[in-house]
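Source file: model.pdb (PDB, C-alpha atoms)
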```pdb
ATOM      1  CA  MET A 227     -14.271   2.479 -21.005
ATOM      2  CA  PRO A 228     -12.978   4.088 -17.768
ATOM      3  CA  ASN A 229      -9.736   6.041 -17.819
ATOM      4  CA  TYR A 230      -7.740   5.078 -14.739
ATOM      5  CA  LEU A 231      -4.785   7.352 -15.562
ATOM      6  CA  GLN A 232      -6.054  10.865 -14.904
ATOM      7  CA  PRO A 233      -3.569  13.694 -15.578
ATOM      8  CA  ASP A 234      -4.576  15.843 -12.578
ATOM      9  CA  ILE A 235      -4.050  12.973 -10.129
ATOM     10  CA  LEU A 236      -0.802  11.810 -11.733
ATOM     11  CA  ALA A 237       0.685  15.306 -11.932
ATOM     12  CA  ARG A 238       0.123  16.012  -8.226
ATOM     13  CA  ALA A 239       1.317  12.570  -7.162
ATOM     14  CA  GLU A 240       4.423  12.683  -9.351
ATOM     15  CA  SER A 241       5.438  16.079  -7.978
ATOM     16  CA  LEU A 242       5.470  14.605  -4.451
ATOM     17  CA  GLY A 243       6.894  11.142  -5.169
ATOM     18  CA  MET A 244       6.756   8.022  -3.029
ATOM     19  CA  LYS A 245       9.927   7.039  -1.196
ATOM     20  CA  ALA A 246      10.340   3.960   0.949
ATOM     21  CA  ARG A 247      10.311   4.874   4.640
ATOM     22  CA  GLN A 248      12.389   1.924   5.776
ATOM     23  CA  VAL A 249      15.187  -0.190   4.351
ATOM     24  CA  VAL A 250      14.252  -2.180   1.271
ATOM     25  CA  GLU A 251      16.029  -4.782  -0.825
ATOM     26  CA  GLY A 252      16.440  -3.930  -4.481
ATOM     27  CA  LEU A 253      18.342  -5.089  -7.518
ATOM     28  CA  ARG A 254      19.936  -1.837  -8.635
ATOM     29  CA  VAL A 255      21.107   1.487  -7.284
ATOM     30  CA  GLY A 256      18.211   3.912  -6.917
ATOM     31  CA  ASP A 257      16.629   6.286  -4.422
ATOM     32  CA  HIS A 258      15.763   4.215  -1.341
ATOM     33  CA  LYS A 259      17.732   2.903   1.621
ATOM     34  CA  SER A 260      19.084  -0.623   1.269
ATOM     35  CA  PRO A 261      20.122  -3.029   4.036
ATOM     36  CA  PHE A 262      23.205  -3.896   1.996
ATOM     37  CA  LYS A 263      26.441  -2.017   2.639
ATOM     38  CA  GLY A 264      28.429  -0.570  -0.252
ATOM     39  CA  PHE A 265      30.765   2.292  -1.010
ATOM     40  CA  SER A 266      28.399   5.113  -1.879
ATOM     41  CA  VAL A 267      26.044   7.716  -0.439
ATOM     42  CA  GLU A 268      26.020   7.716   3.398
ATOM     43  CA  PHE A 269      28.708   6.544   5.843
ATOM     44  CA  VAL A 270      27.592   3.715   8.137
ATOM     45  CA  GLN A 271      30.545   1.978   9.785
ATOM     46  CA  HIS A 272      34.151   0.750   9.596
ATOM     47  CA  ARG A 273      35.247  -2.839   9.104
ATOM     48  CA  GLU A 274      38.613  -4.561   8.991
ATOM     49  CA  TYR A 275      40.508  -4.488   5.693
ATOM     50  CA  VAL A 276      40.888  -7.890   4.036
ATOM     51  CA  PRO A 277      43.055  -8.740   1.010
ATOM     52  CA  GLY A 278      41.153  -7.974  -2.161
ATOM     53  CA  ASP A 279      39.382  -4.846  -0.831
ATOM     54  CA  ASP A 280      39.796  -1.721  -2.934
ATOM     55  CA  ILE A 281      42.532   0.336  -1.231
ATOM     56  CA  ARG A 282      40.691   3.519  -2.235
ATOM     57  CA  HIS A 283      38.234   2.831   0.578
ATOM     58  CA  ILE A 284      40.858   2.489   3.314
ATOM     59  CA  ASP A 285      40.422   5.051   6.096
ATOM     60  CA  TRP A 286      43.960   6.482   6.102
ATOM     61  CA  LYS A 287      43.221   8.921   8.914
ATOM     62  CA  GLY A 288      42.036   6.012  11.019
ATOM     63  CA  TYR A 289      45.229   4.152  10.136
ATOM     64  CA  GLY A 290      47.257   7.123  11.368
ATOM     65  CA  ARG A 291      45.534   6.903  14.741
ATOM     66  CA  SER A 292      45.442   3.155  15.237
ATOM     67  CA  GLU A 293      47.932   1.712  12.707
ATOM     68  CA  ARG A 294      45.169  -0.662  11.624
ATOM     69  CA  TYR A 295      43.749  -0.899   8.123
ATOM     70  CA  THR A 296      39.986  -0.349   8.092
ATOM     71  CA  ILE A 297      37.470   0.127   5.297
ATOM     72  CA  LYS A 298      34.762   2.775   5.317
ATOM     73  CA  GLN A 299      31.357   1.282   4.519
ATOM     74  CA  TYR A 300      28.450   3.311   3.214
ATOM     75  CA  GLU A 301      24.764   2.600   2.867
ATOM     76  CA  GLN A 302      23.692   2.047  -0.693
ATOM     77  CA  GLU A 303      20.484   3.347  -2.073
ATOM     78  CA  THR A 304      18.317   1.005  -4.083
ATOM     79  CA  ASN A 305      15.034   0.623  -5.914
ATOM     80  CA  PHE A 306      11.986  -0.715  -4.123
ATOM     81  CA  SER A 307       9.377  -3.262  -5.094
ATOM     82  CA  CYS A 308       5.755  -2.252  -4.555
ATOM     83  CA  HIS A 309       3.068  -4.945  -4.390
ATOM     84  CA  ILE A 310      -0.476  -3.613  -4.857
ATOM     85  CA  LEU A 311      -3.378  -5.749  -3.601
ATOM     86  CA  LEU A 312      -6.847  -4.639  -4.763
ATOM     87  CA  ASP A 313     -10.062  -5.983  -3.232
ATOM     88  CA  ALA A 314     -12.588  -6.783  -5.973
ATOM     89  CA  SER A 315     -15.217  -8.471  -3.815
ATOM     90  CA  ASN A 316     -18.950  -7.772  -4.006
ATOM     91  CA  SER A 317     -18.933  -5.322  -1.083
ATOM     92  CA  MET A 318     -16.767  -3.025  -3.230
ATOM     93  CA  ARG A 319     -19.762  -2.606  -5.592
ATOM     94  CA  TYR A 320     -21.378  -0.028  -3.302
ATOM     95  CA  GLY A 321     -21.772   3.482  -4.664
ATOM     96  CA  SER A 322     -22.430   4.865  -8.122
ATOM     97  CA  GLY A 323     -20.208   6.562 -10.669
ATOM     98  CA  ALA A 324     -17.065   8.091  -9.168
ATOM     99  CA  THR A 325     -18.181   7.183  -5.623
ATOM    100  CA  ASN A 326     -18.289   3.450  -6.376
ATOM    101  CA  LYS A 327     -15.731   1.858  -4.064
ATOM    102  CA  LEU A 328     -14.219  -0.486  -6.628
ATOM    103  CA  GLU A 329     -13.893   2.223  -9.254
ATOM    104  CA  TYR A 330     -12.239   4.470  -6.660
ATOM    105  CA  GLY A 331      -9.896   1.626  -5.696
ATOM    106  CA  LYS A 332      -9.028   0.943  -9.343
ATOM    107  CA  LEU A 333      -8.203   4.605  -9.880
ATOM    108  CA  LEU A 334      -5.977   4.589  -6.805
ATOM    109  CA  ALA A 335      -4.241   1.341  -7.832
ATOM    110  CA  ALA A 336      -3.496   2.620 -11.340
ATOM    111  CA  SER A 337      -2.249   5.979 -10.022
ATOM    112  CA  LEU A 338       0.101   4.339  -7.506
ATOM    113  CA  ALA A 339       1.399   1.875 -10.111
ATOM    114  CA  TYR A 340       2.131   4.719 -12.531
ATOM    115  CA  LEU A 341       3.861   6.750  -9.822
ATOM    116  CA  VAL A 342       6.085   3.820  -8.797
ATOM    117  CA  VAL A 343       7.126   2.972 -12.368
ATOM    118  CA  ARG A 344       7.800   6.616 -13.225
ATOM    119  CA  GLN A 345      10.306   6.601 -10.350
ATOM    120  CA  ARG A 346      12.025   3.600 -12.016
ATOM    121  CA  ASP A 347      10.839   1.314  -9.233
ATOM    122  CA  ALA A 348       9.009  -1.983  -9.771
ATOM    123  CA  VAL A 349       5.336  -2.746  -9.168
ATOM    124  CA  SER A 350       3.203  -5.887  -9.117
ATOM    125  CA  MET A 351      -0.583  -6.157  -9.017
ATOM    126  CA  ARG A 352      -2.918  -8.732  -7.455
ATOM    127  CA  VAL A 353      -6.710  -8.424  -7.652
ATOM    128  CA  PHE A 354      -8.579 -10.650  -5.201
ATOM    129  CA  ASN A 355     -11.862 -11.603  -3.578
ATOM    130  CA  THR A 356     -11.886 -15.027  -1.891
ATOM    131  CA  LYS A 357      -8.744 -15.781  -3.921
ATOM    132  CA  VAL A 358      -6.385 -14.014  -6.310
ATOM    133  CA  VAL A 359      -8.340 -13.599  -9.566
ATOM    134  CA  ALA A 360      -5.737 -11.629 -11.552
ATOM    135  CA  GLU A 361      -2.019 -11.198 -11.046
ATOM    136  CA  LEU A 362       0.823  -9.365 -12.775
ATOM    137  CA  PRO A 363       4.457  -9.858 -11.726
ATOM    138  CA  LEU A 364       6.933  -7.161 -10.755
ATOM    139  CA  SER A 365       8.105  -4.865 -13.534
ATOM    140  CA  SER A 366       9.528  -1.363 -13.813
ATOM    141  CA  GLN A 367       8.704  -0.950 -17.517
ATOM    142  CA  MET A 368       6.156   1.663 -18.581
ATOM    143  CA  GLY A 369       4.454  -0.936 -20.778
ATOM    144  CA  HIS A 370       3.528  -2.717 -17.529
ATOM    145  CA  ILE A 371       1.088   0.113 -16.779
ATOM    146  CA  ASN A 372      -0.887  -0.752 -19.917
ATOM    147  CA  ALA A 373      -1.232  -4.343 -18.720
ATOM    148  CA  ILE A 374      -2.360  -3.155 -15.280
ATOM    149  CA  THR A 375      -4.997  -0.793 -16.670
ATOM    150  CA  ARG A 376      -6.329  -3.530 -18.975
ATOM    151  CA  ILE A 377      -6.843  -5.833 -15.988
ATOM    152  CA  LEU A 378      -8.542  -3.039 -14.035
ATOM    153  CA  GLU A 379     -10.860  -2.195 -16.932
ATOM    154  CA  GLU A 380     -11.980  -5.814 -17.282
ATOM    155  CA  MET A 381     -12.307  -6.621 -13.579
ATOM    156  CA  GLN A 382     -15.808  -6.880 -12.094
ATOM    157  CA  PRO A 383     -16.628  -7.454  -8.396
ATOM    158  CA  ARG A 384     -17.498 -11.007  -7.411
ATOM    159  CA  GLU A 385     -17.884 -13.174  -4.315
ATOM    160  CA  ALA A 386     -16.949 -12.207  -0.762
ATOM    161  CA  THR A 387     -13.726 -10.909   0.774
ATOM    162  CA  THR A 388     -11.008 -13.076   2.313
ATOM    163  CA  ILE A 389      -8.104 -10.813   3.207
ATOM    164  CA  GLY A 390      -6.170 -12.550   5.978
ATOM    165  CA  PRO A 391      -5.149 -15.725   4.065
ATOM    166  CA  LEU A 392      -4.227 -13.611   1.033
ATOM    167  CA  LEU A 393      -1.871 -11.469   3.126
ATOM    168  CA  ASP A 394      -0.286 -14.607   4.576
ATOM    169  CA  GLN A 395       0.195 -15.970   1.063
ATOM    170  CA  VAL A 396       1.789 -12.730  -0.132
ATOM    171  CA  ALA A 397       4.062 -12.591   2.915
ATOM    172  CA  ASP A 398       5.282 -16.123   2.171
ATOM    173  CA  ARG A 399       5.810 -15.484  -1.551
ATOM    174  CA  ILE A 400       7.597 -12.131  -1.538
ATOM    175  CA  GLY A 401      11.296 -12.691  -1.052
ATOM    176  CA  ARG A 402      12.740  -9.197  -0.915
ATOM    177  CA  ARG A 403      11.603  -6.559   1.527
ATOM    178  CA  GLY A 404       9.526  -3.861  -0.114
ATOM    179  CA  ILE A 405       6.209  -2.036   0.116
ATOM    180  CA  VAL A 406       2.850  -3.838   0.216
ATOM    181  CA  VAL A 407      -0.238  -1.724  -0.491
ATOM    182  CA  LEU A 408      -3.674  -3.097   0.432
ATOM    183  CA  ILE A 409      -6.691  -1.323  -1.103
ATOM    184  CA  SER A 410      -9.910  -2.619   0.460
ATOM    185  CA  ASP A 411     -13.049  -1.767   2.394
ATOM    186  CA  CYS A 412     -11.998  -4.456   4.928
ATOM    187  CA  LEU A 413     -15.616  -5.520   5.474
ATOM    188  CA  GLU A 414     -14.913  -8.899   7.039
ATOM    189  CA  ASP A 415     -13.758 -10.202  10.419
ATOM    190  CA  LEU A 416     -11.086  -7.760  11.497
ATOM    191  CA  GLU A 417      -8.681 -10.036  13.394
ATOM    192  CA  PRO A 418      -7.612 -12.214  10.409
ATOM    193  CA  THR A 419      -6.924  -9.032   8.420
ATOM    194  CA  LEU A 420      -4.836  -7.519  11.212
ATOM    195  CA  ALA A 421      -3.009 -10.827  11.662
ATOM    196  CA  GLY A 422      -2.148 -10.850   7.952
ATOM    197  CA  LEU A 423      -0.876  -7.266   8.163
ATOM    198  CA  ARG A 424       1.264  -8.213  11.170
ATOM    199  CA  HIS A 425       2.679 -11.159   9.206
ATOM    200  CA  LEU A 426       3.817  -8.806   6.440
ATOM    201  CA  ARG A 427       5.407  -6.458   8.969
ATOM    202  CA  PHE A 428       7.148  -9.405  10.645
ATOM    203  CA  ARG A 429       8.698 -10.234   7.268
ATOM    204  CA  GLY A 430      10.138  -6.719   7.134
ATOM    205  CA  HIS A 431       7.813  -5.154   4.574
ATOM    206  CA  GLU A 432       6.498  -1.624   4.770
ATOM    207  CA  VAL A 433       2.704  -1.988   4.715
ATOM    208  CA  ILE A 434       0.109   0.589   3.688
ATOM    209  CA  LEU A 435      -3.645   0.119   4.092
ATOM    210  CA  PHE A 436      -5.873   2.369   2.006
ATOM    211  CA  HIS A 437      -9.253   1.824   3.654
ATOM    212  CA  VAL A 438     -11.825   2.690   0.957
ATOM    213  CA  LEU A 439     -15.315   3.444   2.264
ATOM    214  CA  HIS A 440     -18.456   5.148   0.981
ATOM    215  CA  THR A 441     -19.700   8.052   3.063
ATOM    216  CA  ASP A 442     -23.027   6.219   3.546
ATOM    217  CA  GLU A 443     -21.151   3.452   5.386
ATOM    218  CA  VAL A 444     -19.502   5.888   7.774
ATOM    219  CA  LYS A 445     -22.198   8.537   8.335
ATOM    220  CA  PHE A 446     -25.376   6.539   7.560
ATOM    221  CA  PRO A 447     -27.331   9.577   6.278
ATOM    222  CA  LEU A 448     -30.191   7.436   4.917
ATOM    223  CA  ASP A 449     -33.840   8.122   5.740
ATOM    224  CA  GLY A 450     -37.339   6.884   4.925
ATOM    225  CA  ASN A 451     -38.246   3.232   4.341
ATOM    226  CA  ILE A 452     -35.311   1.466   2.716
ATOM    227  CA  ARG A 453     -34.660  -2.101   1.638
ATOM    228  CA  PHE A 454     -31.062  -3.128   2.414
ATOM    229  CA  VAL A 455     -29.655  -5.778   0.083
ATOM    230  CA  GLY A 456     -26.610  -7.717   1.278
ATOM    231  CA  LEU A 457     -23.834  -7.682  -1.310
ATOM    232  CA  GLU A 458     -22.018 -10.715   0.064
ATOM    233  CA  GLY A 459     -24.753 -13.215   0.823
ATOM    234  CA  PHE A 460     -26.802 -11.538   3.564
ATOM    235  CA  GLU A 461     -30.575 -11.545   3.243
ATOM    236  CA  GLU A 462     -32.603  -8.459   2.399
ATOM    237  CA  LEU A 463     -33.919  -6.268   5.209
ATOM    238  CA  MET A 464     -36.653  -3.632   5.010
ATOM    239  CA  THR A 465     -36.263  -1.017   7.743
ATOM    240  CA  ARG A 466     -36.291   2.656   8.694
ATOM    241  CA  PRO A 467     -32.646   3.790   8.950
ATOM    242  CA  HIS A 468     -33.235   6.549  11.516
ATOM    243  CA  LEU A 469     -34.207   3.868  14.033
ATOM    244  CA  LEU A 470     -30.943   1.997  13.436
ATOM    245  CA  ARG A 471     -28.644   5.016  13.143
ATOM    246  CA  PRO A 472     -27.480   5.425  16.786
ATOM    247  CA  ALA A 473     -26.574   1.735  17.214
ATOM    248  CA  TYR A 474     -25.090   1.523  13.711
ATOM    249  CA  LEU A 475     -22.834   4.548  14.254
ATOM    250  CA  ARG A 476     -21.584   3.147  17.581
ATOM    251  CA  ILE A 477     -20.610  -0.111  15.865
ATOM    252  CA  VAL A 478     -18.913   1.669  12.959
ATOM    253  CA  GLU A 479     -17.003   4.022  15.247
ATOM    254  CA  LYS A 480     -15.721   1.066  17.267
ATOM    255  CA  TYR A 481     -14.781  -0.810  14.088
ATOM    256  CA  LEU A 482     -12.855   2.176  12.701
ATOM    257  CA  ALA A 483     -11.115   2.750  16.027
ATOM    258  CA  ASP A 484     -10.159  -0.940  16.232
ATOM    259  CA  ILE A 485      -8.702  -1.082  12.737
ATOM    260  CA  ARG A 486      -6.755   2.138  13.222
ATOM    261  CA  ARG A 487      -5.449   0.979  16.598
ATOM    262  CA  GLY A 488      -4.508  -2.400  15.145
ATOM    263  CA  CYS A 489      -2.602  -0.767  12.293
ATOM    264  CA  ASP A 490      -0.844   1.710  14.581
ATOM    265  CA  GLY A 491       0.168  -1.087  16.946
ATOM    266  CA  SER A 492       1.666  -3.121  14.089
ATOM    267  CA  GLY A 493       3.444  -0.258  12.326
ATOM    268  CA  VAL A 494       1.037  -0.336   9.375
ATOM    269  CA  ASP A 495       0.459   2.982   7.610
ATOM    270  CA  TYR A 496      -3.327   3.540   7.657
ATOM    271  CA  MET A 497      -5.227   5.939   5.406
ATOM    272  CA  GLN A 498      -9.024   6.134   5.347
ATOM    273  CA  LEU A 499     -10.435   7.197   1.968
ATOM    274  CA  LEU A 500     -14.072   8.234   1.557
ATOM    275  CA  THR A 501     -15.123   7.961  -2.067
ATOM    276  CA  ASP A 502     -16.862  11.345  -2.133
ATOM    277  CA  ARG A 503     -13.475  13.046  -1.747
ATOM    278  CA  PRO A 504     -11.517  13.643  -4.993
ATOM    279  CA  LEU A 505      -8.663  11.162  -5.175
ATOM    280  CA  SER A 506      -6.233  13.845  -6.345
ATOM    281  CA  ASN A 507      -6.645  15.626  -2.988
ATOM    282  CA  ALA A 508      -6.649  12.481  -0.851
ATOM    283  CA  LEU A 509      -3.571  10.954  -2.499
ATOM    284  CA  ALA A 510      -1.670  14.251  -2.368
ATOM    285  CA  GLU A 511      -2.476  14.548   1.350
ATOM    286  CA  TYR A 512      -1.149  11.043   1.956
ATOM    287  CA  LEU A 513       2.075  11.624  -0.004
ATOM    288  CA  VAL A 514       2.697  14.901   1.843
ATOM    289  CA  ARG A 515       2.225  13.037   5.117
ATOM    290  CA  ARG A 516       4.836  10.471   4.008
ATOM    291  CA  LEU A 517       7.275  13.225   3.135
ATOM    292  CA  GLN A 518       6.796  14.937   6.482
ATOM    293  CA  ALA A 519       7.190  11.648   8.380
ATOM    294  CA  GLY A 520      10.390  10.909   6.459
ATOM    295  CA  ARG A 521      11.962  14.200   7.579
ATOM    296  CA  ARG A 522      11.457  13.602  11.293
TER
END
```

What would you get if you wrote out this structure as structure tokens?
Amino acid sequence: MPNYLQPDILARAESLGMKARQVVEGLRVGDHKSPFKGFSVEFVQHREYVPGDDIRHIDWKGYGRSERYTIKQYEQETNFSCHILLDASNSMRYGSGATNKLEYGKLLAASLAYLVVRQRDAVSMRVFNTKVVAELPLSSQMGHINAITRILEEMQPREATTIGPLLDQVADRIGRRGIVVLISDCLEDLEPTLAGLRHLRFRGHEVILFHVLHTDEVKFPLDGNIRFVGLEGFEELMTRPHLLRPAYLRIVEKYLADIRRGCDGSGVDYMQLLTDRPLSNALAEYLVRRLQAGRR
């Protein structure tokens, strides 16, 4: 049975951590910026004193200047909720062993879930194809990781991909602002997917797209006479790849440019992952990039 919690990946990821880049709404004091004002951490603004306020928070220096009672407000820090969406459609079957897209996505999903819970934040999991086929609610308990890995171990790819409606559904169901992580090859009509990502951003969520692809799909290094078998309902095609390569690469380059441009324009964090690259390196690179962006 596959082991989706690999010590080398977890150790590197845990040393870097995953902080929310924007304000989130949590249920307890933690490590991430909250939209709610309190009396801790970082000064934000003054407001008028009203009866019942704790007099310890009165700005006495301000009173000396204006003879008005004001309260210093600070920005609380809070936990975040991370919602992981994993594509388990038939197109994710491509590749063998460690380069199989679904296995790579499962490894990434389990690693992110572990990282979030180890930070005392909460994570949920949804596995989908044309619909949600497995779902676990938010939890910050370490036992939740066992439930997540059990679902990942049992999950097999089926049917086609329908991403846009799923993202709309998630946007409508998630009440508090948090982080939504989509792990998919995004091999369907691009506009509904981008519209779903925009919907999540409109609702105030931080959105991350991990675009999982096999190197064959991007570089098309195939040669000889090859029979192509459609994984999501397309008919078989016998052809010579070198004749198709120039046109294929033009289409793929445009597709990749469109999805990156669409994500950039919507404020979605985009990360392309090729399955021939060790996940420990790819995930560490992404987390370093988050850290550097957070310091700007």

Could you build a table of the residues in range 319-360 of chain A lying no more than 10 Å from range 227-241 of chain A, giving for each the nearest pair of atoms and their separation in Å rounded to one decimal place, using all atoms listed in the file, ordered by chain and ascending residue number, as a tab-separated table?
```
residue	atom	partner	partner_atom	distance
A:Glu329	CA	A:Tyr230	CA	8.7
A:Tyr330	CA	A:Tyr230	CA	9.3
A:Gly331	CA	A:Tyr230	CA	9.9
A:Lys332	CA	A:Tyr230	CA	6.9
A:Leu333	CA	A:Tyr230	CA	4.9
A:Leu334	CA	A:Tyr230	CA	8.1
A:Ala335	CA	A:Tyr230	CA	8.6
A:Ala336	CA	A:Tyr230	CA	6.0
A:Ser337	CA	A:Leu231	CA	6.2
A:Leu338	CA	A:Ala239	CA	8.3
A:Ala339	CA	A:Leu231	CA	9.9
A:Tyr340	CA	A:Leu236	CA	7.7
A:Leu341	CA	A:Glu240	CA	6.0
A:Val342	CA	A:Glu240	CA	9.0
A:Arg344	CA	A:Glu240	CA	8.0
A:Gln345	CA	A:Glu240	CA	8.5
```

Check what the PyMOL selection byres ((chain A and resi 451) around 10) selects in the file above and give those residues as a PyMOL selection string.
-> chain A and resi 448-450+452-454+464-468

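Note that CA of Gln395 in chain A and CA of His425 in chain A are 9.8 Å apart.
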
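Nearest-residue note for Leu413 in chain A: choosing from A:Asn316, A:Gly491, A:Val433, A:Ser322, the minimum distance belongs to A:Asn316, counting only C-alpha atoms.
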
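Distance-wise, CA of Leu416 in chain A and CA of Leu499 in chain A end up 17.7 Å apart.
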
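Coordinates place CA of Arg427 in chain A at a distance of 7.3 Å from CA of Gly493 in chain A.
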
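The point (-3.0, -3.5, -18.8) has these residues within 12 Å of it when all atoms listed in the file are used: A:Asn229, A:Tyr230, A:Leu231, A:Ala336, A:Ala339, A:Tyr340, A:Ser350, A:Met351, A:Ala360, A:Glu361, A:Leu362, A:Met368, A:Gly369, A:His370, A:Ile371, A:Asn372, A:Ala373, A:Ile374, A:Thr375, A:Arg376, A:Ile377, A:Leu378, A:Glu379, A:Glu380, A:Met381.
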
Name the residues that the PyMOL selection byres ((chain A and resi 295) around 8) pulls out of this structure, and write them as a compact mmCIF listing (two decimals) with C-alpha atoms, in the frame of the given file.
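Produced file out26.txt, reproduced below:
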```txt
# COMPACT_ATOMS: atom_id res chain seq x y z
CA GLU A 274 38.61 -4.56 8.99
CA TYR A 275 40.51 -4.49 5.69
CA ILE A 284 40.86 2.49 3.31
CA ASP A 285 40.42 5.05 6.10
CA TRP A 286 43.96 6.48 6.10
CA GLY A 288 42.04 6.01 11.02
CA TYR A 289 45.23 4.15 10.14
CA GLU A 293 47.93 1.71 12.71
CA ARG A 294 45.17 -0.66 11.62
CA THR A 296 39.99 -0.35 8.09
CA ILE A 297 37.47 0.13 5.30
```

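Nearest-residue note for Leu500 in chain A: choosing from A:Val438, A:Leu312, A:Leu420, A:Ile389, the minimum distance belongs to A:Val438, counting only C-alpha atoms.
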
Within 12 Å of Val494 in chain A, counting all atoms listed in the file, which residues qualify if same-chain residues fewer than 4 places away don't, as a ChimeraX atom specification?
-> /A:247,405-408,419-428,430-437,485-490

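Close to (-21.9, 11.9, 3.0), meaning no more than 12 Å away when counting only C-alpha atoms, sit the residues Gly321, Thr325, Leu439, His440, Thr441, Asp442, Glu443, Val444, Lys445, Phe446, Pro447, Leu448, Leu500, Thr501, Asp502 and Arg503 of chain A.
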
Name the residues in contact with Thr387 in chain A at a cut-off of 12 Å, using all atoms listed in the file, excluding same-chain residues fewer than 6 positions from it; report them as JSON, numbers by chain.
-> {"A": [312, 313, 314, 315, 316, 317, 318, 353, 354, 355, 356, 357, 358, 359, 410, 411, 412, 413, 414, 415, 416, 418, 419, 457, 458, 459]}

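Closest approach to Glu417 in chain A from the set A:Pro363, A:Tyr481, A:Arg429, A:Ala386 is made by A:Tyr481, with distances taken over only C-alpha atoms.
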
With all atoms listed in the file as the atoms that count, which of A:Leu364, A:Ile281, A:Val514, A:Val396 lies nearest to Ser307 in chain A?
-> A:Leu364

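Here the PyMOL selection byres ((chain A and resi 348) around 7) matches the residues Phe306, Ser307, Cys308, Val342, Val343, Arg346, Asp347, Val349, Leu364, Ser365 and Ser366 of chain A.
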
Enclose all atoms of range 460-474 of chain A listed in the file in an axis-aligned box, grow every side by 3 Å, and hand back centre and edge lengths in Å to one decimal, as AutoDock Vina command-line options.
```
--center_x -30.9 --center_y -2.5 --center_z 9.8 --size_x 17.6 --size_y 24.1 --size_z 20.8
```
